>>> print(open('input-v1.txt').read())   # compact mmCIF, C-alpha atoms
# COMPACT_ATOMS: atom_id res chain seq x y z
CA MET A 1 -138.09 -28.69 0.71
CA PRO A 2 -137.24 -31.96 -1.02
CA VAL A 3 -133.56 -31.17 -0.57
CA CYS A 4 -134.15 -30.64 3.08
CA GLU A 5 -136.05 -33.85 3.33
CA SER A 6 -133.31 -35.90 1.74
CA ASP A 7 -130.84 -34.23 4.03
CA ASP A 8 -132.88 -35.20 7.01
CA THR A 9 -133.21 -38.79 5.95
CA GLU A 10 -129.49 -39.07 5.40
CA HIS A 11 -128.91 -37.55 8.75
CA PHE A 12 -131.34 -39.96 10.22
CA ALA A 13 -129.63 -42.91 8.54
CA ASP A 14 -126.33 -41.86 10.02
CA ILE A 15 -127.75 -41.64 13.48
CA LYS A 16 -129.24 -45.06 12.97
CA VAL A 17 -125.83 -46.49 12.10
CA TYR A 18 -124.44 -44.85 15.18
CA ASP A 19 -127.28 -46.18 17.31
CA MET A 20 -126.67 -49.63 15.95
CA ALA A 21 -123.04 -49.25 16.87
CA SER A 22 -123.92 -48.41 20.45
CA ASN A 23 -126.29 -51.37 20.59
CA GLY A 24 -123.48 -53.65 19.49
CA GLU A 25 -125.27 -54.98 16.40
CA LEU A 26 -123.72 -52.86 13.76
CA THR A 27 -122.71 -53.67 10.22
CA ALA A 28 -119.08 -54.23 9.29
CA SER A 29 -118.93 -51.08 7.23
CA GLY A 30 -120.58 -49.10 10.02
CA TYR A 31 -117.95 -50.38 12.46
CA ILE A 32 -115.11 -49.46 10.12
CA LYS A 33 -116.55 -46.04 9.35
CA HIS A 34 -117.05 -45.38 13.02
CA HIS A 35 -113.42 -46.21 13.68
CA LEU A 36 -112.23 -43.93 10.93
CA GLN A 37 -114.21 -40.93 12.09
CA ASN A 38 -112.44 -38.21 14.06
CA LEU A 39 -114.00 -36.46 16.99
CA THR A 40 -114.68 -33.18 15.21
CA PHE A 41 -115.50 -29.86 16.76
CA GLY A 42 -116.44 -27.16 14.31
CA ASN A 43 -118.78 -24.62 12.86
CA HIS A 44 -121.75 -26.55 11.45
CA PRO A 45 -123.92 -24.55 9.05
CA GLU A 46 -127.04 -25.48 11.04
CA ASN A 47 -125.87 -26.31 14.55
CA GLY A 48 -123.18 -23.67 14.88
CA TRP A 49 -120.00 -24.47 16.85
CA SER A 50 -120.59 -27.97 18.08
CA ILE A 51 -119.25 -31.48 18.13
CA ALA A 52 -120.16 -33.44 15.00
CA HIS A 53 -122.38 -36.43 15.68
CA SER A 54 -121.74 -38.07 12.35
CA ALA A 55 -119.29 -38.19 9.48
CA GLN A 56 -121.83 -36.24 7.49
CA GLU A 57 -121.91 -33.40 9.99
CA ALA A 58 -118.15 -33.39 10.24
CA SER A 59 -117.71 -33.01 6.50
CA GLU A 60 -120.38 -30.30 6.38
CA MET A 61 -118.27 -28.27 8.79
CA GLY A 62 -115.68 -27.83 6.08
CA PHE A 63 -112.39 -26.18 7.00
CA MET A 64 -113.66 -24.51 10.16
CA ALA A 65 -113.40 -27.62 12.28
CA ILE A 66 -110.79 -29.25 14.41
CA HIS A 67 -110.18 -32.90 15.21
CA LEU A 68 -110.14 -32.92 18.98
CA ASP A 69 -108.88 -36.50 19.23
CA SER A 70 -105.98 -35.98 16.82
CA MET A 71 -104.97 -32.76 18.54
CA PHE A 72 -105.33 -34.26 22.00
CA TRP A 73 -103.19 -37.33 21.28
CA SER A 74 -100.71 -35.36 19.22
CA ILE A 75 -100.19 -32.79 21.97
CA ALA A 76 -100.26 -35.38 24.75
CA LEU A 77 -97.61 -37.50 23.06
CA GLY A 78 -95.55 -34.45 22.14
CA VAL A 79 -95.70 -33.27 25.74
CA LEU A 80 -94.72 -36.76 26.86
CA PHE A 81 -91.69 -36.55 24.57
CA LEU A 82 -90.76 -33.11 25.87
CA LEU A 83 -91.24 -34.15 29.50
CA VAL A 84 -89.12 -37.29 29.21
CA PHE A 85 -86.36 -35.66 27.23
CA GLY A 86 -86.64 -32.45 29.23
CA ALA A 87 -86.24 -34.42 32.45
CA ALA A 88 -83.13 -36.03 31.00
CA ALA A 89 -81.80 -32.70 29.76
CA SER A 90 -82.34 -30.94 33.07
CA ARG A 91 -80.20 -33.35 35.06
CA VAL A 92 -77.84 -34.43 32.33
CA THR A 93 -74.28 -34.88 33.48
CA SER A 94 -71.08 -35.22 31.52
CA GLY A 95 -69.92 -37.68 34.16
CA ASN A 96 -71.08 -41.25 34.54
CA PRO A 97 -74.61 -41.42 33.06
CA GLY A 98 -77.43 -43.41 34.65
CA LYS A 99 -79.59 -45.87 32.75
CA PHE A 100 -82.22 -43.30 31.89
CA GLN A 101 -79.72 -40.71 30.75
CA ASN A 102 -77.90 -43.39 28.82
CA PHE A 103 -81.05 -44.28 26.91
CA ILE A 104 -81.84 -40.64 26.11
CA GLU A 105 -78.24 -40.08 25.04
CA TRP A 106 -78.45 -43.13 22.83
CA VAL A 107 -81.47 -41.65 21.04
CA VAL A 108 -79.88 -38.21 20.78
CA ASP A 109 -76.65 -39.72 19.50
CA PHE A 110 -78.58 -41.72 16.92
CA ILE A 111 -80.27 -38.57 15.63
CA ASP A 112 -76.99 -36.66 15.73
CA ASP A 113 -75.28 -39.38 13.67
CA ASN A 114 -78.03 -39.20 11.07
CA VAL A 115 -77.91 -35.42 10.90
CA ARG A 116 -74.12 -35.46 10.60
CA GLY A 117 -74.36 -38.10 7.93
CA SER A 118 -76.90 -36.36 5.71
CA PHE A 119 -76.68 -32.69 6.57
CA SER A 120 -73.42 -30.94 5.79
CA GLY A 121 -74.45 -27.34 6.44
CA LYS A 122 -74.29 -25.48 9.72
CA ASN A 123 -77.67 -24.97 11.33
CA ASP A 124 -78.57 -25.50 14.98
CA LEU A 125 -82.23 -26.04 14.13
CA ILE A 126 -81.87 -29.20 12.08
CA ALA A 127 -80.86 -31.67 14.77
CA PRO A 128 -83.56 -30.67 17.32
CA LEU A 129 -86.06 -30.64 14.46
CA ALA A 130 -85.06 -34.17 13.49
CA LEU A 131 -85.17 -35.35 17.11
CA THR A 132 -88.61 -33.87 17.69
CA LEU A 133 -90.00 -35.30 14.47
CA PHE A 134 -88.57 -38.76 15.02
CA VAL A 135 -89.62 -39.27 18.61
CA TRP A 136 -92.93 -37.53 18.27
CA ILE A 137 -93.97 -39.41 15.12
CA LEU A 138 -92.73 -42.64 16.63
CA LEU A 139 -94.89 -42.10 19.72
CA MET A 140 -97.92 -41.21 17.59
CA ASN A 141 -97.37 -44.26 15.38
CA LEU A 142 -97.00 -46.49 18.41
CA MET A 143 -100.58 -45.66 19.37
CA ASP A 144 -101.47 -47.94 16.46
CA LEU A 145 -100.35 -50.92 18.52
CA VAL A 146 -102.97 -50.29 21.18
CA PRO A 147 -105.84 -52.65 20.32
CA VAL A 148 -108.25 -50.65 18.18
CA ASP A 149 -111.25 -50.83 20.49
CA TRP A 150 -109.71 -50.16 23.87
CA ILE A 151 -109.51 -46.40 23.91
CA PRO A 152 -112.62 -45.72 21.75
CA GLU A 153 -114.73 -48.00 24.00
CA ALA A 154 -113.33 -46.32 27.10
CA ALA A 155 -114.15 -42.96 25.56
CA LYS A 156 -117.68 -44.13 24.83
CA LEU A 157 -118.10 -44.85 28.54
CA ILE A 158 -117.52 -41.18 29.32
CA GLY A 159 -119.77 -40.07 26.48
CA ILE A 160 -117.33 -39.42 23.67
CA GLU A 161 -118.72 -40.82 20.43
CA TYR A 162 -115.63 -40.86 18.26
CA MET A 163 -112.05 -41.41 19.23
CA LYS A 164 -109.26 -41.93 16.72
CA VAL A 165 -106.13 -42.47 18.77
CA VAL A 166 -103.42 -42.54 16.08
CA PRO A 167 -102.78 -38.93 15.07
CA THR A 168 -100.60 -39.96 12.14
CA THR A 169 -103.63 -41.58 10.50
CA ASP A 170 -105.09 -38.10 10.26
CA PRO A 171 -103.81 -36.39 7.08
CA ASN A 172 -104.09 -33.01 8.83
CA ILE A 173 -101.36 -34.05 11.23
CA THR A 174 -98.96 -35.42 8.62
CA PHE A 175 -99.63 -32.56 6.21
CA ALA A 176 -99.07 -30.00 8.96
CA MET A 177 -95.64 -31.42 9.71
CA ALA A 178 -94.71 -31.92 6.06
CA LEU A 179 -95.85 -28.41 5.16
CA SER A 180 -93.92 -26.92 8.08
CA VAL A 181 -90.83 -28.71 6.84
CA PHE A 182 -91.63 -27.50 3.32
CA VAL A 183 -91.89 -23.89 4.49
CA LEU A 184 -88.62 -24.25 6.38
CA MET A 185 -87.05 -25.71 3.25
CA ILE A 186 -88.15 -22.75 1.11
CA PHE A 187 -87.07 -20.33 3.83
CA PHE A 188 -83.58 -21.80 4.05
CA ASN A 189 -83.35 -22.08 0.27
CA ILE A 190 -83.98 -18.36 -0.06
CA LYS A 191 -81.86 -17.51 2.96
CA ASN A 192 -78.85 -19.44 1.68
CA LYS A 193 -79.13 -18.94 -2.06
CA GLY A 194 -81.05 -15.70 -2.28
CA VAL A 195 -84.29 -15.34 -4.19
CA GLY A 196 -82.33 -15.31 -7.47
CA GLY A 197 -80.43 -18.45 -6.59
CA PHE A 198 -83.58 -20.30 -5.61
CA VAL A 199 -85.51 -19.17 -8.68
CA GLY A 200 -82.49 -20.04 -10.78
CA GLU A 201 -82.50 -23.53 -9.37
CA LEU A 202 -86.16 -23.83 -10.30
CA THR A 203 -85.80 -22.52 -13.84
CA LEU A 204 -82.28 -23.10 -15.21
CA GLN A 205 -82.08 -26.84 -14.87
CA PRO A 206 -82.12 -29.49 -16.08
CA PHE A 207 -82.15 -28.14 -19.67
CA GLY A 208 -80.39 -24.78 -19.49
CA LYS A 209 -81.68 -21.26 -20.02
CA TRP A 210 -83.42 -21.82 -23.39
CA MET A 211 -85.94 -24.17 -21.86
CA ILE A 212 -87.03 -22.12 -18.88
CA PRO A 213 -90.79 -22.99 -19.04
CA VAL A 214 -90.05 -26.70 -19.30
CA ASN A 215 -87.49 -26.49 -16.51
CA PHE A 216 -89.86 -24.56 -14.31
CA PHE A 217 -92.65 -27.04 -14.93
CA LEU A 218 -90.46 -30.02 -14.10
CA GLU A 219 -88.87 -28.42 -11.07
CA MET A 220 -92.22 -27.24 -9.76
CA ILE A 221 -93.56 -30.78 -9.93
CA GLY A 222 -90.47 -31.98 -8.08
CA LEU A 223 -90.83 -29.24 -5.49
CA LEU A 224 -94.53 -29.73 -4.85
CA ALA A 225 -94.17 -33.50 -4.80
CA LYS A 226 -91.90 -33.20 -1.79
CA PRO A 227 -94.42 -32.19 0.89
CA LEU A 228 -97.05 -34.34 -0.74
CA SER A 229 -95.01 -37.52 -0.78
CA HIS A 230 -93.50 -36.63 2.59
CA SER A 231 -96.86 -36.49 4.34
CA LEU A 232 -98.77 -39.07 2.29
CA ARG A 233 -96.07 -41.70 2.82
CA LEU A 234 -96.47 -41.48 6.58
CA PHE A 235 -100.24 -41.09 6.47
CA GLY A 236 -100.73 -43.90 3.96
CA ASN A 237 -98.63 -46.41 5.81
CA LEU A 238 -100.22 -45.73 9.15
CA TYR A 239 -103.74 -45.47 7.75
CA ALA A 240 -103.36 -48.80 5.99
CA GLY A 241 -101.92 -50.38 9.12
CA GLU A 242 -104.79 -49.05 11.19
CA MET A 243 -107.27 -50.29 8.62
CA ILE A 244 -105.84 -53.80 8.80
CA PHE A 245 -106.08 -53.74 12.59
CA ILE A 246 -109.73 -52.71 12.26
CA LEU A 247 -110.41 -55.47 9.75
CA ILE A 248 -108.75 -58.00 12.03
CA ALA A 249 -110.82 -56.69 14.93
CA LEU A 250 -113.96 -57.46 12.91
CA LEU A 251 -113.12 -61.16 13.23
CA TYR A 252 -113.70 -61.06 16.99
CA GLY A 253 -117.43 -60.87 16.49
CA SER A 254 -117.63 -63.83 14.11
CA GLY A 255 -117.43 -66.95 16.20
CA ILE A 256 -114.76 -68.58 18.32
CA VAL A 257 -112.61 -69.99 15.50
CA LEU A 258 -112.36 -66.69 13.65
CA ALA A 259 -111.83 -64.84 16.92
CA VAL A 260 -108.80 -67.02 17.74
CA LEU A 261 -107.54 -66.54 14.20
CA GLY A 262 -108.09 -62.81 14.67
CA GLY A 263 -106.02 -62.88 17.86
CA VAL A 264 -103.15 -64.59 16.09
CA LEU A 265 -103.40 -62.26 13.10
CA GLN A 266 -103.49 -59.20 15.31
CA TRP A 267 -100.40 -60.31 17.14
CA ALA A 268 -98.57 -61.09 13.91
CA TRP A 269 -99.58 -57.81 12.30
CA ALA A 270 -98.58 -55.90 15.45
CA VAL A 271 -95.12 -57.46 15.34
CA PHE A 272 -94.77 -56.56 11.68
CA HIS A 273 -96.26 -53.15 12.30
CA VAL A 274 -93.59 -52.31 14.86
CA LEU A 275 -91.22 -52.26 11.90
CA ILE A 276 -93.47 -49.95 9.89
CA VAL A 277 -93.98 -47.68 12.87
CA LEU A 278 -90.25 -47.28 13.40
CA LEU A 279 -89.40 -47.16 9.73
CA GLN A 280 -91.96 -44.47 8.88
CA ALA A 281 -90.82 -42.26 11.76
CA PHE A 282 -87.25 -42.76 10.63
CA ILE A 283 -88.03 -42.06 6.96
CA PHE A 284 -89.92 -38.89 7.83
CA MET A 285 -86.94 -37.68 9.85
CA VAL A 286 -84.34 -38.61 7.23
CA LEU A 287 -86.33 -36.95 4.44
CA THR A 288 -86.58 -33.82 6.54
CA ILE A 289 -82.82 -33.80 7.00
CA VAL A 290 -82.25 -34.40 3.29
CA TYR A 291 -84.62 -31.59 2.27
CA MET A 292 -82.88 -29.27 4.72
CA ASP A 293 -79.51 -30.29 3.31
CA MET A 294 -80.71 -29.54 -0.22
CA ALA A 295 -81.82 -26.13 0.99
CA HIS A 296 -78.30 -25.39 2.23
CA HIS A 297 -76.37 -26.42 -0.87
CA LYS A 298 -76.22 -25.28 -4.40
CA HIS A 299 -76.34 -28.14 -6.83
CA MET B 1 -110.39 -37.40 6.50
CA ASN B 2 -111.24 -33.74 6.01
CA ILE B 3 -108.54 -31.12 5.83
CA ASN B 4 -109.44 -28.49 8.39
CA LEU B 5 -108.20 -26.39 11.28
CA THR B 6 -106.41 -29.41 12.69
CA LEU B 7 -103.76 -28.61 10.10
CA ILE B 8 -103.18 -25.19 11.65
CA GLY B 9 -103.37 -26.55 15.19
CA GLN B 10 -100.83 -29.21 14.47
CA THR B 11 -98.55 -26.71 12.75
CA ILE B 12 -98.59 -24.44 15.79
CA THR B 13 -98.02 -27.38 18.11
CA PHE B 14 -95.19 -28.55 15.91
CA ILE B 15 -93.48 -25.16 15.94
CA ILE B 16 -93.78 -24.89 19.73
CA PHE B 17 -92.41 -28.41 20.30
CA VAL B 18 -89.48 -27.94 17.93
CA TRP B 19 -88.70 -24.60 19.54
CA PHE B 20 -88.81 -26.16 23.01
CA CYS B 21 -86.61 -29.04 21.92
CA MET B 22 -84.12 -26.68 20.31
CA LYS B 23 -84.05 -24.41 23.35
CA PHE B 24 -84.14 -26.75 26.34
CA ILE B 25 -83.46 -30.31 25.30
CA TRP B 26 -80.92 -30.56 22.52
CA PRO B 27 -78.22 -28.14 23.75
CA PRO B 28 -77.75 -29.48 27.32
CA ILE B 29 -77.68 -33.11 26.20
CA MET B 30 -75.36 -32.36 23.32
CA ASN B 31 -73.10 -30.30 25.58
CA ALA B 32 -72.89 -33.13 28.07
CA LEU B 33 -72.09 -35.59 25.30
CA ASN B 34 -69.40 -33.38 23.84
CA GLU B 35 -67.97 -32.66 27.26
CA ARG B 36 -67.77 -36.35 28.07
CA ARG B 37 -66.26 -37.05 24.67
CA LYS B 38 -63.62 -34.42 25.36
CA THR B 39 -62.94 -35.74 28.87
CA ILE B 40 -62.48 -39.23 27.51
CA SER B 41 -60.21 -38.16 24.67
CA ASP B 42 -58.22 -35.99 27.09
CA GLY B 43 -57.94 -38.93 29.46
CA LEU B 44 -56.77 -41.20 26.67
CA ALA B 45 -54.26 -38.63 25.52
CA ALA B 46 -53.03 -38.21 29.11
CA ALA B 47 -52.73 -41.96 29.50
CA GLU B 48 -50.75 -42.18 26.29
CA GLU B 49 -48.59 -39.30 27.37
CA GLY B 50 -48.05 -41.06 30.72
CA GLN B 51 -47.08 -44.23 28.92
CA ARG B 52 -44.61 -42.31 26.77
CA GLU B 53 -43.30 -40.52 29.83
CA ARG B 54 -42.75 -43.84 31.57
CA GLU B 55 -40.98 -45.26 28.54
CA ARG B 56 -38.81 -42.20 28.43
CA GLY B 57 -38.15 -42.43 32.18
CA ARG B 58 -37.22 -46.05 31.86
CA SER B 59 -34.85 -45.45 28.98
CA ASP B 60 -33.38 -42.49 30.88
CA ALA B 61 -32.90 -44.66 33.93
CA ASP B 62 -31.32 -47.39 31.82
CA GLU B 63 -28.98 -44.88 30.31
CA LEU B 64 -28.10 -43.49 33.73
CA ILE B 65 -27.43 -46.98 35.07
CA GLU B 66 -25.30 -47.74 32.04
CA GLN B 67 -23.42 -44.52 32.54
CA ALA B 68 -22.97 -45.17 36.25
CA LYS B 69 -21.69 -48.62 35.52
CA SER B 70 -19.15 -47.41 33.02
CA GLN B 71 -18.17 -44.62 35.36
CA ALA B 72 -17.75 -47.07 38.19
CA GLN B 73 -15.66 -49.25 35.90
CA GLU B 74 -13.57 -46.25 35.03
CA ILE B 75 -13.17 -45.22 38.64
CA ILE B 76 -12.15 -48.72 39.64
CA ALA B 77 -9.66 -48.88 36.79
CA LYS B 78 -8.29 -45.48 37.77
CA ALA B 79 -8.12 -46.49 41.40
CA GLU B 80 -6.30 -49.67 40.51
CA LYS B 81 -3.89 -47.78 38.37
CA ARG B 82 -3.41 -45.17 41.07
CA GLY B 83 -2.91 -47.92 43.61
CA SER B 84 -0.21 -49.59 41.61
CA GLU B 85 1.30 -46.18 41.01
CA VAL B 86 1.25 -45.42 44.69
CA VAL B 87 2.85 -48.74 45.40
CA ALA B 88 5.50 -48.14 42.78
CA GLU B 89 6.10 -44.64 44.09
CA ALA B 90 6.30 -45.91 47.61
CA LYS B 91 8.75 -48.53 46.48
CA THR B 92 10.90 -45.97 44.74
CA GLU B 93 10.68 -43.62 47.69
CA ALA B 94 11.51 -46.37 50.06
CA ARG B 95 14.47 -47.36 47.98
CA VAL B 96 15.63 -43.74 47.77
CA GLU B 97 15.06 -43.24 51.48
CA GLY B 98 16.80 -46.44 52.22
CA GLU B 99 19.71 -45.40 50.12
CA ARG B 100 19.72 -42.01 51.78
CA ILE B 101 19.65 -43.56 55.23
CA LEU B 102 22.34 -45.95 54.14
CA THR B 103 24.47 -43.11 52.86
CA ALA B 104 23.90 -41.10 55.99
CA ALA B 105 24.73 -44.11 58.12
CA ARG B 106 27.83 -44.71 56.09
CA GLY B 107 28.83 -41.08 56.54
CA GLU B 108 28.21 -41.31 60.22
CA ILE B 109 30.12 -44.53 60.42
CA ASP B 110 32.98 -42.88 58.57
CA MET B 111 32.83 -39.87 60.82
CA GLU B 112 32.59 -42.07 63.87
CA ALA B 113 35.48 -44.07 62.61
CA ASN B 114 37.51 -40.93 61.97
CA ARG B 115 36.69 -39.65 65.38
CA ALA B 116 37.64 -42.93 66.91
CA LYS B 117 40.84 -42.90 64.90
CA GLU B 118 41.54 -39.38 66.09
CA GLU B 119 40.80 -40.31 69.65
CA LEU B 120 42.80 -43.44 69.30
CA ARG B 121 45.63 -41.46 67.81
CA LEU B 122 45.44 -39.00 70.68
CA GLN B 123 45.31 -41.78 73.21
CA VAL B 124 48.16 -43.56 71.53
CA ALA B 125 50.12 -40.33 71.57
CA GLN B 126 49.34 -39.80 75.19
CA LEU B 127 50.08 -43.41 75.93
CA ALA B 128 53.29 -43.10 74.07
CA LEU B 129 53.95 -39.84 75.82
CA SER B 130 53.20 -41.21 79.20
CA GLY B 131 55.28 -44.26 78.41
CA ALA B 132 58.07 -42.13 77.25
CA GLU B 133 57.57 -39.94 80.31
CA GLN B 134 57.84 -42.90 82.54
CA ILE B 135 60.89 -44.14 80.69
CA LEU B 136 62.50 -40.82 80.52
CA ALA B 137 61.15 -39.49 83.79
CA LYS B 138 64.34 -38.83 85.37
CA GLU B 139 66.53 -37.80 82.61
CA ILE B 140 64.39 -35.81 80.33
CA ASP B 141 63.01 -32.48 81.21
CA GLN B 142 59.35 -32.40 80.50
CA LYS B 143 59.39 -28.96 79.21
CA SER B 144 62.16 -29.35 76.75
CA HIS B 145 60.55 -32.35 75.13
CA GLU B 146 57.04 -31.21 75.06
CA GLN B 147 57.54 -29.48 71.78
CA MET B 148 58.88 -32.48 70.14
CA LEU B 149 56.15 -34.69 71.51
CA SER B 150 53.29 -32.54 70.25
CA GLU B 151 54.91 -32.48 66.85
CA LEU B 152 55.06 -36.20 67.01
CA ALA B 153 51.43 -36.42 68.02
CA GLU B 154 50.36 -34.25 65.09
CA ARG B 155 52.17 -36.38 62.64
CA LEU B 156 50.41 -39.49 63.81
>>> encode(input="input-v1.txt", output="structure tokens")
Amino acid sequence: MPVCESDDTEHFADIKVYDMASNGELTASGYIKHHLQNLTFGNHPENGWSIAHSAQEASEMGFMAIHLDSMFWSIALGVLFLLVFGAAASRVTSGNPGKFQNFIEWVVDFIDDNVRGSFSGKNDLIAPLALTLFVWILLMNLMDLVPVDWIPEAAKLIGIEYMKVVPTTDPNITFAMALSVFVLMIFFNIKNKGVGGFVGELTLQPFGKWMIPVNFFLEMIGLLAKPLSHSLRLFGNLYAGEMIFILIALLYGSGIVLAVLGGVLQWAWAVFHVLIVLLQAFIFMVLTIVYMDMAHHKH
Amino acid sequence: MNINLTLIGQTITFIIFVWFCMKFIWPPIMNALNERRKTISDGLAAAEEGQRERERGRSDADELIEQAKSQAQEIIAKAEKRGSEVVAEAKTEARVEGERILTAARGEIDMEANRAKEELRLQVAQLALSGAEQILAKEIDQKSHEQMLSELAERL
């Protein structure tokens, strides 16, 4: 019973924070927490399949939950990418290109240059993979430049409590892409080098065959660090950027002077963030190409 | 911040998007780019070839003109030579013809002169005969002297 009681009070406290948020007189930490909470739909031990009304509920759902906002924006932006590029691809001409086609070709050419520069194998998957990753991640990152309250407030108007609009600030999203790339990397490693070749690469270097356990340990760390660093780099940069936007947004409620300062800061950070947004999308793509290249070459 | 089904959802989405891009977006755009690249490089090559062709044509034409000039020069020289030859030939021929005509005329003159001499001789003989006839009309029988007179005429 006491356990249940404490649970209830915590639950109650959370609802209170949320209520305060809707009344507009919330604490700074409540505001930040609210902004960092995904709209989660999942199997709650008590409520069954439902939408979580608090961070507490969301974490109680464990693995059997899905972030509706992350998935929605991720899919929407991915579809946007496919529609725009698909439209260009469907009426592409080898003759004189229009402005739109020219722009799309510029992007495709940019990706192609990068793939040619870093990837020396022959694989028709790599370039489309790089293009998809770059444009998709770029679009998701760009959501960070939308002022942090616009979309969540609009969502609140139609009754949605939580709305996190930058999918790349959700580790699920970045890990999913990094792990997919990781699986592809292992698949191509085995396909191109055979199981023996791949295992050999993991065990016979850097110290030769008498140090197999040490080699394996070192190589395993290197191997597992790849998807981890791959996804955490993107997630960390975007999460931090988002956090700073949220912190700046806090200034708006603290008097006219700080609000003006906040406006200036937000603009400045947005300008700087454009660089991060582009750079992180680019780095994610280049690392993917490099990992794929490593999977196609013995070294 | 929780790791949950979103991971799976995003993975599936990712696979579908990459597949779509690989199937319907990358190949047509890349094909168009390569095609245009090829068209441009072909065009450039053709232009270069055209340039070379023109250069070659020009040098050919120059050569032809040069050749024609030298040929013309040659023909003129030949013609001049032939002309002078013709003139020289004509001169020689004319001289020969002239000489021939002269010779023939001389022969004719000689013949004419001979004939005139003959005629003159005959006339003189007749004149002499008639004179002698008149002188000797009465006393000399025509018949008996005729023999002598013709002998005389032959000797003249």
>>> closest_residue(input="input-v1.txt", among="B:Glu146, B:Glu53, B:Glu119, B:Glu35", to="chain A", atoms="only C-alpha atoms")
B:Glu35
>>> closest_atom_pairs(input="input-v1.txt", of="chain B", to="chain A", cutoff="6 Å", atoms="all atoms listed in the file", output="JSON lines")
{"residue": "B:Ile3", "atom": "CA", "partner": "A:Asn172", "partner_atom": "CA", "distance": 5.7}
{"residue": "B:Asn4", "atom": "CA", "partner": "A:Phe63", "partner_atom": "CA", "distance": 4.0}
{"residue": "B:Leu5", "atom": "CA", "partner": "A:Ile66", "partner_atom": "CA", "distance": 5.0}
{"residue": "B:Thr6", "atom": "CA", "partner": "A:Ile66", "partner_atom": "CA", "distance": 4.7}
{"residue": "B:Leu7", "atom": "CA", "partner": "A:Asn172", "partner_atom": "CA", "distance": 4.6}
{"residue": "B:Gln10", "atom": "CA", "partner": "A:Ala176", "partner_atom": "CA", "distance": 5.8}
{"residue": "B:Thr11", "atom": "CA", "partner": "A:Ala176", "partner_atom": "CA", "distance": 5.0}
{"residue": "B:Val18", "atom": "CA", "partner": "A:Leu129", "partner_atom": "CA", "distance": 5.6}
{"residue": "B:Cys21", "atom": "CA", "partner": "A:Pro128", "partner_atom": "CA", "distance": 5.8}
{"residue": "B:Met22", "atom": "CA", "partner": "A:Pro128", "partner_atom": "CA", "distance": 5.0}
{"residue": "B:Ile25", "atom": "CA", "partner": "A:Ala89", "partner_atom": "CA", "distance": 5.3}
{"residue": "B:Trp26", "atom": "CA", "partner": "A:Pro128", "partner_atom": "CA", "distance": 5.8}
{"residue": "B:Pro28", "atom": "CA", "partner": "A:Ala89", "partner_atom": "CA", "distance": 5.7}
{"residue": "B:Ile29", "atom": "CA", "partner": "A:Ala89", "partner_atom": "CA", "distance": 5.5}
{"residue": "B:Ala32", "atom": "CA", "partner": "A:Ser94", "partner_atom": "CA", "distance": 4.4}
{"residue": "B:Glu35", "atom": "CA", "partner": "A:Ser94", "partner_atom": "CA", "distance": 5.9}
{"residue": "B:Arg36", "atom": "CA", "partner": "A:Ser94", "partner_atom": "CA", "distance": 4.9}
>>> atom_distance(input="input-v1.txt", atom1="CA of Leu145 (chain A)", atom2="CA of Ala270 (chain A)")
6.1 Å
>>> axis_aligned_box(input="input-v1.txt", around="region 234-247 of chain A", padding_each_side="5 Å", output="AutoDock Vina command-line options")
--center_x -103.4 --center_y -48.3 --center_z 8.3 --size_x 23.9 --size_y 24.4 --size_z 18.6
>>> residues_near_point(input="input-v1.txt", point="(-85.7, -27.9, -6.2)", cutoff="7 Å", atoms="only C-alpha atoms", output="PyMOL selection string")
chain A and resi 201-202+219+222-223
>>> residues_around(input="input-v1.txt", residues="Asp144 (chain A)", least_positions_apart="5", cutoff="12 Å", atoms="all atoms listed in the file", output="NGL selection string")
:A and (73 or 137-139 or 149-151 or 164-169 or 237-246 or 266 or 269-274 or 276-278)
>>> atom_distance(input="input-v1.txt", atom1="CA of Ala128 (chain B)", atom2="CA of Leu152 (chain B)")
10.0 Å
>>> atom_distance(input="input-v1.txt", atom1="CA of Glu153 (chain A)", atom2="CA of Ala76 (chain A)")
19.2 Å
>>> decode(input="input-v1.txt", residues="region 30-34 of chain B", atoms="N, CA, C and O atoms", output="PDB file, in the first residue's frame")
ATOM      1  N   MET B  30      20.551  10.104 -61.945  1.00  0.00           N
ATOM      2  CA  MET B  30      21.944   9.798 -62.310  1.00  0.00           C
ATOM      3  C   MET B  30      22.062   9.530 -63.806  1.00  0.00           C
ATOM      4  O   MET B  30      23.016   9.961 -64.453  1.00  0.00           O
ATOM      5  N   ASN B  31      21.072   8.792 -64.348  1.00  0.00           N
ATOM      6  CA  ASN B  31      21.085   8.518 -65.788  1.00  0.00           C
ATOM      7  C   ASN B  31      21.073   9.800 -66.586  1.00  0.00           C
ATOM      8  O   ASN B  31      21.833   9.962 -67.545  1.00  0.00           O
ATOM      9  N   ALA B  32      20.166  10.708 -66.162  1.00  0.00           N
ATOM     10  CA  ALA B  32      20.055  11.978 -66.885  1.00  0.00           C
ATOM     11  C   ALA B  32      21.379  12.727 -66.814  1.00  0.00           C
ATOM     12  O   ALA B  32      21.855  13.280 -67.812  1.00  0.00           O
ATOM     13  N   LEU B  33      21.977  12.723 -65.625  1.00  0.00           N
ATOM     14  CA  LEU B  33      23.254  13.442 -65.468  1.00  0.00           C
ATOM     15  C   LEU B  33      24.319  12.839 -66.371  1.00  0.00           C
ATOM     16  O   LEU B  33      25.041  13.566 -67.070  1.00  0.00           O
ATOM     17  N   ASN B  34      24.397  11.503 -66.343  1.00  0.00           N
ATOM     18  CA  ASN B  34      25.424  10.857 -67.165  1.00  0.00           C
ATOM     19  C   ASN B  34      25.177  11.091 -68.646  1.00  0.00           C
ATOM     20  O   ASN B  34      26.114  11.322 -69.411  1.00  0.00           O
TER      21      ASN B  34
END
